[in-house]
Amino acid sequence: MSRWRPPSPSSTAIITRAGFERLKAELDHLWHTLRPEVVKALAAAAAEGDRSENAEYTYRKKQLGEIDRRVRYLSKRIPSLKVAEGAPADRDAVFFGARIELENLASGESLHYRIVGPDETDAKLGWISIDSPLARAVLKKRVDDEFEAELPGGRTAFVIVEVGYED
């Protein structure tokens, strides 16, 4: 059986200014601070002798691989990103960067989301990717518009209660 997997679909290359700055800061921290510390610790662990029984060496080698993998991803991703500056001309419709309040028509539950790029999603903050099924369904809708989205729990109906943008 082959280990080959088809490549995942590429995500939308758009990001907010704050998200872009966070990714650049993460890359800088990984490359200039964390990686040199791990390399020093790896060298010290390698100097202890038998590497096959050295847990510290094995751990640091794995940690260095994870850092390098993330650095490689960020180094390729950051130049390809398009930073979305400011709010759209039509502030009454839902576009990238919008803060929206939705009401689930079945349960009456009020939900708050912000539509952001795939590299800056955060479930705790309610930041959803523009590539998510809910964001795709709500794009270009306006206050009081009803729509349905195919979510993991099944098809769900919503109504838009409020749309806003940060200045």
# chains A, B, ... in the order shown; residues from 1 in each chain; ligands from 1
call {"tool": "residues_around", "arguments": {"residues": "stretch 128-132 of chain A", "least_positions_apart": "5", "cutoff": "12 Å", "atoms": "only C-alpha atoms", "output": "MDAnalysis selection string"}}
result
chainID A and resid 9:16 94:100 111:123 137:139 149:152
call {"tool": "write_last_selection", "arguments": {"atoms": "C-alpha atoms", "output": "mmCIF file, in the first residue's frame"}}
result
data_model
loop_
_atom_site.group_PDB
_atom_site.id
_atom_site.type_symbol
_atom_site.label_atom_id
_atom_site.label_comp_id
_atom_site.auth_asym_id
_atom_site.auth_seq_id
_atom_site.Cartn_x
_atom_site.Cartn_y
_atom_site.Cartn_z
ATOM 1 C CA PRO A 9 -6.688 21.797 -1.962
ATOM 2 C CA SER A 10 -4.819 25.068 -1.609
ATOM 3 C CA SER A 11 -6.332 27.540 0.792
ATOM 4 C CA THR A 12 -7.205 31.109 -0.083
ATOM 5 C CA ALA A 13 -4.108 33.330 0.114
ATOM 6 C CA ILE A 14 -5.676 36.279 1.932
ATOM 7 C CA ILE A 15 -5.002 37.569 5.427
ATOM 8 C CA THR A 16 -5.664 40.571 7.665
ATOM 9 C CA VAL A 94 -20.615 40.206 4.353
ATOM 10 C CA PHE A 95 -17.089 40.083 2.927
ATOM 11 C CA PHE A 96 -13.626 39.130 4.179
ATOM 12 C CA GLY A 97 -12.877 40.629 7.599
ATOM 13 C CA ALA A 98 -16.541 41.013 8.591
ATOM 14 C CA ARG A 99 -17.742 40.480 12.128
ATOM 15 C CA ILE A 100 -21.134 38.862 11.895
ATOM 16 C CA LEU A 111 -23.564 33.050 17.068
ATOM 17 C CA HIS A 112 -20.739 35.563 16.622
ATOM 18 C CA TYR A 113 -17.996 35.088 14.021
ATOM 19 C CA ARG A 114 -15.290 36.972 12.204
ATOM 20 C CA ILE A 115 -14.310 35.880 8.700
ATOM 21 C CA VAL A 116 -10.526 35.715 8.393
ATOM 22 C CA GLY A 117 -7.873 33.969 6.320
ATOM 23 C CA PRO A 118 -7.145 30.252 6.766
ATOM 24 C CA ASP A 119 -3.813 31.011 8.454
ATOM 25 C CA GLU A 120 -5.359 32.987 11.309
ATOM 26 C CA THR A 121 -8.453 31.038 12.356
ATOM 27 C CA ASP A 122 -9.115 30.705 16.088
ATOM 28 C CA ALA A 123 -12.158 28.820 17.337
ATOM 29 C CA ALA A 137 -22.508 30.389 2.437
ATOM 30 C CA VAL A 138 -22.715 33.791 4.150
ATOM 31 C CA LEU A 139 -20.518 35.787 1.733
ATOM 32 C CA ALA A 149 -25.019 26.082 5.153
ATOM 33 C CA GLU A 150 -23.918 22.453 4.917
ATOM 34 C CA LEU A 151 -22.141 21.940 8.248
ATOM 35 C CA PRO A 152 -20.716 18.730 9.765
#
call {"tool": "select_by_dssp", "arguments": {"residues": "stretch 36-161 of chain A", "states": "alpha helix (DSSP H)", "output": "PyMOL selection string"}}
result
chain A and resi 36-46+55-80+133-138
call {"tool": "write_last_selection", "arguments": {"atoms": "C-alpha atoms", "output": "mmCIF file, in the first residue's frame"}}
result
data_model
loop_
_atom_site.group_PDB
_atom_site.id
_atom_site.type_symbol
_atom_site.label_atom_id
_atom_site.label_comp_id
_atom_site.auth_asym_id
_atom_site.auth_seq_id
_atom_site.Cartn_x
_atom_site.Cartn_y
_atom_site.Cartn_z
ATOM 1 C CA PRO A 36 19.378 28.398 17.823
ATOM 2 C CA GLU A 37 18.402 27.259 21.347
ATOM 3 C CA VAL A 38 17.311 23.839 20.081
ATOM 4 C CA VAL A 39 20.476 23.464 17.971
ATOM 5 C CA LYS A 40 22.632 24.189 21.061
ATOM 6 C CA ALA A 41 20.690 21.670 23.140
ATOM 7 C CA LEU A 42 20.941 19.124 20.309
ATOM 8 C CA ALA A 43 24.700 19.587 20.086
ATOM 9 C CA ALA A 44 25.030 19.141 23.860
ATOM 10 C CA ALA A 45 22.899 15.985 23.738
ATOM 11 C CA ALA A 46 24.929 14.604 20.817
ATOM 12 C CA ALA A 55 16.285 10.426 24.790
ATOM 13 C CA GLU A 56 17.348 14.074 24.897
ATOM 14 C CA TYR A 57 19.029 13.754 21.489
ATOM 15 C CA THR A 58 15.969 12.028 19.986
ATOM 16 C CA TYR A 59 13.605 14.655 21.415
ATOM 17 C CA ARG A 60 15.711 17.606 20.217
ATOM 18 C CA LYS A 61 16.118 16.075 16.749
ATOM 19 C CA LYS A 62 12.335 15.731 16.477
ATOM 20 C CA GLN A 63 11.808 19.276 17.808
ATOM 21 C CA LEU A 64 14.283 20.677 15.282
ATOM 22 C CA GLY A 65 12.441 18.895 12.463
ATOM 23 C CA GLU A 66 9.125 20.417 13.586
ATOM 24 C CA ILE A 67 10.654 23.904 13.737
ATOM 25 C CA ASP A 68 12.243 23.508 10.304
ATOM 26 C CA ARG A 69 8.965 22.244 8.832
ATOM 27 C CA ARG A 70 7.076 25.288 10.182
ATOM 28 C CA VAL A 71 9.825 27.689 9.036
ATOM 29 C CA ARG A 72 9.733 26.159 5.545
ATOM 30 C CA TYR A 73 5.925 26.522 5.404
ATOM 31 C CA LEU A 74 5.967 30.139 6.636
ATOM 32 C CA SER A 75 8.836 31.070 4.293
ATOM 33 C CA LYS A 76 6.772 29.907 1.319
ATOM 34 C CA ARG A 77 3.362 31.068 2.558
ATOM 35 C CA ILE A 78 4.132 34.647 3.690
ATOM 36 C CA PRO A 79 5.267 35.941 0.257
ATOM 37 C CA SER A 80 2.176 34.458 -1.413
ATOM 38 C CA PRO A 133 -18.624 26.089 4.563
ATOM 39 C CA LEU A 134 -20.345 28.651 6.797
ATOM 40 C CA ALA A 135 -18.243 31.562 5.516
ATOM 41 C CA ARG A 136 -18.736 30.488 1.893
ATOM 42 C CA ALA A 137 -22.508 30.389 2.437
ATOM 43 C CA VAL A 138 -22.715 33.791 4.150
#
call {"tool": "atom_distance", "arguments": {"atom1": "atom CA of A:Glu101", "atom2": "atom CA of A:Leu23"}}
result
27.2 Å
call {"tool": "residues_around", "arguments": {"residues": "A:Arg142", "least_positions_apart": "6", "cutoff": "7 Å", "atoms": "only C-alpha atoms", "output": "short mmCIF file (atom, residue, chain, number, x, y, z; two decimals) with N, CA and C atoms, in the first residue's frame"}}
result
data_model
loop_
_atom_site.label_atom_id
_atom_site.label_comp_id
_atom_site.auth_asym_id
_atom_site.auth_seq_id
_atom_site.Cartn_x
_atom_site.Cartn_y
_atom_site.Cartn_z
N ASP A 92 -22.54 46.96 4.23
CA ASP A 92 -23.76 46.28 4.67
C ASP A 92 -23.78 44.81 4.27
N ALA A 93 -22.87 44.40 3.41
CA ALA A 93 -22.80 43.01 2.96
C ALA A 93 -21.63 42.31 3.65
N VAL A 94 -21.66 41.00 3.70
CA VAL A 94 -20.62 40.21 4.35
C VAL A 94 -19.50 39.91 3.36
N ILE A 160 -28.95 36.47 9.21
CA ILE A 160 -27.92 37.43 9.60
C ILE A 160 -28.57 38.53 10.44
#
call {"tool": "decode", "arguments": {"residues": "stretch 120-156 of chain A", "atoms": "N, CA and C atoms", "output": "compact mmCIF listing (two decimals), in the first residue's frame"}}
result
# COMPACT_ATOMS: atom_id res chain seq x y z
N GLU A 120 -5.16 32.27 10.05
CA GLU A 120 -5.36 32.99 11.31
C GLU A 120 -6.65 32.60 12.03
N THR A 121 -7.22 31.46 11.70
CA THR A 121 -8.45 31.04 12.36
C THR A 121 -8.19 30.74 13.83
N ASP A 122 -9.21 30.97 14.65
CA ASP A 122 -9.12 30.71 16.09
C ASP A 122 -10.52 30.44 16.60
N ALA A 123 -10.81 29.20 16.92
CA ALA A 123 -12.16 28.82 17.34
C ALA A 123 -12.57 29.51 18.63
N LYS A 124 -11.63 29.72 19.55
CA LYS A 124 -11.97 30.38 20.82
C LYS A 124 -12.45 31.80 20.62
N LEU A 125 -11.88 32.48 19.63
CA LEU A 125 -12.26 33.86 19.35
C LEU A 125 -13.44 33.95 18.39
N GLY A 126 -13.83 32.83 17.79
CA GLY A 126 -14.91 32.83 16.80
C GLY A 126 -14.44 33.28 15.43
N TRP A 127 -13.16 33.13 15.16
CA TRP A 127 -12.61 33.51 13.86
C TRP A 127 -12.67 32.29 12.96
N ILE A 128 -13.44 32.37 11.88
CA ILE A 128 -13.57 31.24 10.96
C ILE A 128 -12.91 31.58 9.63
N SER A 129 -12.42 30.54 8.98
CA SER A 129 -11.74 30.70 7.70
C SER A 129 -12.73 31.06 6.59
N ILE A 130 -12.26 31.88 5.68
CA ILE A 130 -13.08 32.24 4.52
C ILE A 130 -13.35 31.00 3.67
N ASP A 131 -12.56 29.95 3.84
CA ASP A 131 -12.75 28.70 3.11
C ASP A 131 -13.76 27.76 3.78
N SER A 132 -14.23 28.10 4.98
CA SER A 132 -15.16 27.21 5.70
C SER A 132 -16.53 27.23 5.02
N PRO A 133 -17.29 26.15 5.19
CA PRO A 133 -18.62 26.09 4.56
C PRO A 133 -19.55 27.22 5.02
N LEU A 134 -19.49 27.58 6.29
CA LEU A 134 -20.34 28.65 6.80
C LEU A 134 -19.97 29.99 6.17
N ALA A 135 -18.68 30.30 6.11
CA ALA A 135 -18.24 31.56 5.52
C ALA A 135 -18.58 31.62 4.03
N ARG A 136 -18.39 30.53 3.32
CA ARG A 136 -18.74 30.49 1.89
C ARG A 136 -20.22 30.76 1.68
N ALA A 137 -21.06 30.22 2.58
CA ALA A 137 -22.51 30.39 2.44
C ALA A 137 -22.97 31.81 2.78
N VAL A 138 -22.27 32.47 3.69
CA VAL A 138 -22.72 33.79 4.15
C VAL A 138 -22.15 34.95 3.32
N LEU A 139 -21.12 34.70 2.52
CA LEU A 139 -20.52 35.79 1.73
C LEU A 139 -21.55 36.48 0.85
N LYS A 140 -21.47 37.80 0.82
CA LYS A 140 -22.31 38.69 0.01
C LYS A 140 -23.76 38.79 0.50
N LYS A 141 -24.08 38.17 1.62
CA LYS A 141 -25.42 38.30 2.19
C LYS A 141 -25.49 39.57 3.01
N ARG A 142 -26.72 40.00 3.35
CA ARG A 142 -26.93 41.23 4.10
C ARG A 142 -27.77 40.95 5.34
N VAL A 143 -27.91 41.95 6.20
CA VAL A 143 -28.71 41.83 7.41
C VAL A 143 -30.13 41.40 7.03
N ASP A 144 -30.69 40.48 7.81
CA ASP A 144 -32.03 39.89 7.64
C ASP A 144 -32.11 38.88 6.51
N ASP A 145 -31.00 38.61 5.80
CA ASP A 145 -31.01 37.56 4.78
C ASP A 145 -30.95 36.20 5.47
N GLU A 146 -31.75 35.28 4.97
CA GLU A 146 -31.71 33.91 5.46
C GLU A 146 -30.91 33.07 4.46
N PHE A 147 -30.15 32.10 5.00
CA PHE A 147 -29.36 31.23 4.14
C PHE A 147 -29.17 29.90 4.85
N GLU A 148 -28.76 28.90 4.08
CA GLU A 148 -28.47 27.58 4.63
C GLU A 148 -27.00 27.25 4.36
N ALA A 149 -26.40 26.53 5.31
CA ALA A 149 -25.02 26.08 5.15
C ALA A 149 -24.94 24.60 5.47
N GLU A 150 -24.14 23.88 4.69
CA GLU A 150 -23.92 22.45 4.92
C GLU A 150 -22.78 22.33 5.91
N LEU A 151 -23.12 22.06 7.17
CA LEU A 151 -22.14 21.94 8.25
C LEU A 151 -21.95 20.46 8.60
N PRO A 152 -20.93 20.14 9.40
CA PRO A 152 -20.72 18.73 9.76
C PRO A 152 -21.94 18.09 10.43
N GLY A 153 -22.74 18.87 11.14
CA GLY A 153 -23.93 18.33 11.78
C GLY A 153 -25.14 18.25 10.87
N GLY A 154 -24.99 18.64 9.62
CA GLY A 154 -26.08 18.63 8.66
C GLY A 154 -26.41 20.02 8.16
N ARG A 155 -27.38 20.11 7.31
CA ARG A 155 -27.79 21.39 6.73
C ARG A 155 -28.47 22.23 7.80
N THR A 156 -28.01 23.47 7.97
CA THR A 156 -28.51 24.35 9.02
C THR A 156 -28.90 25.69 8.41
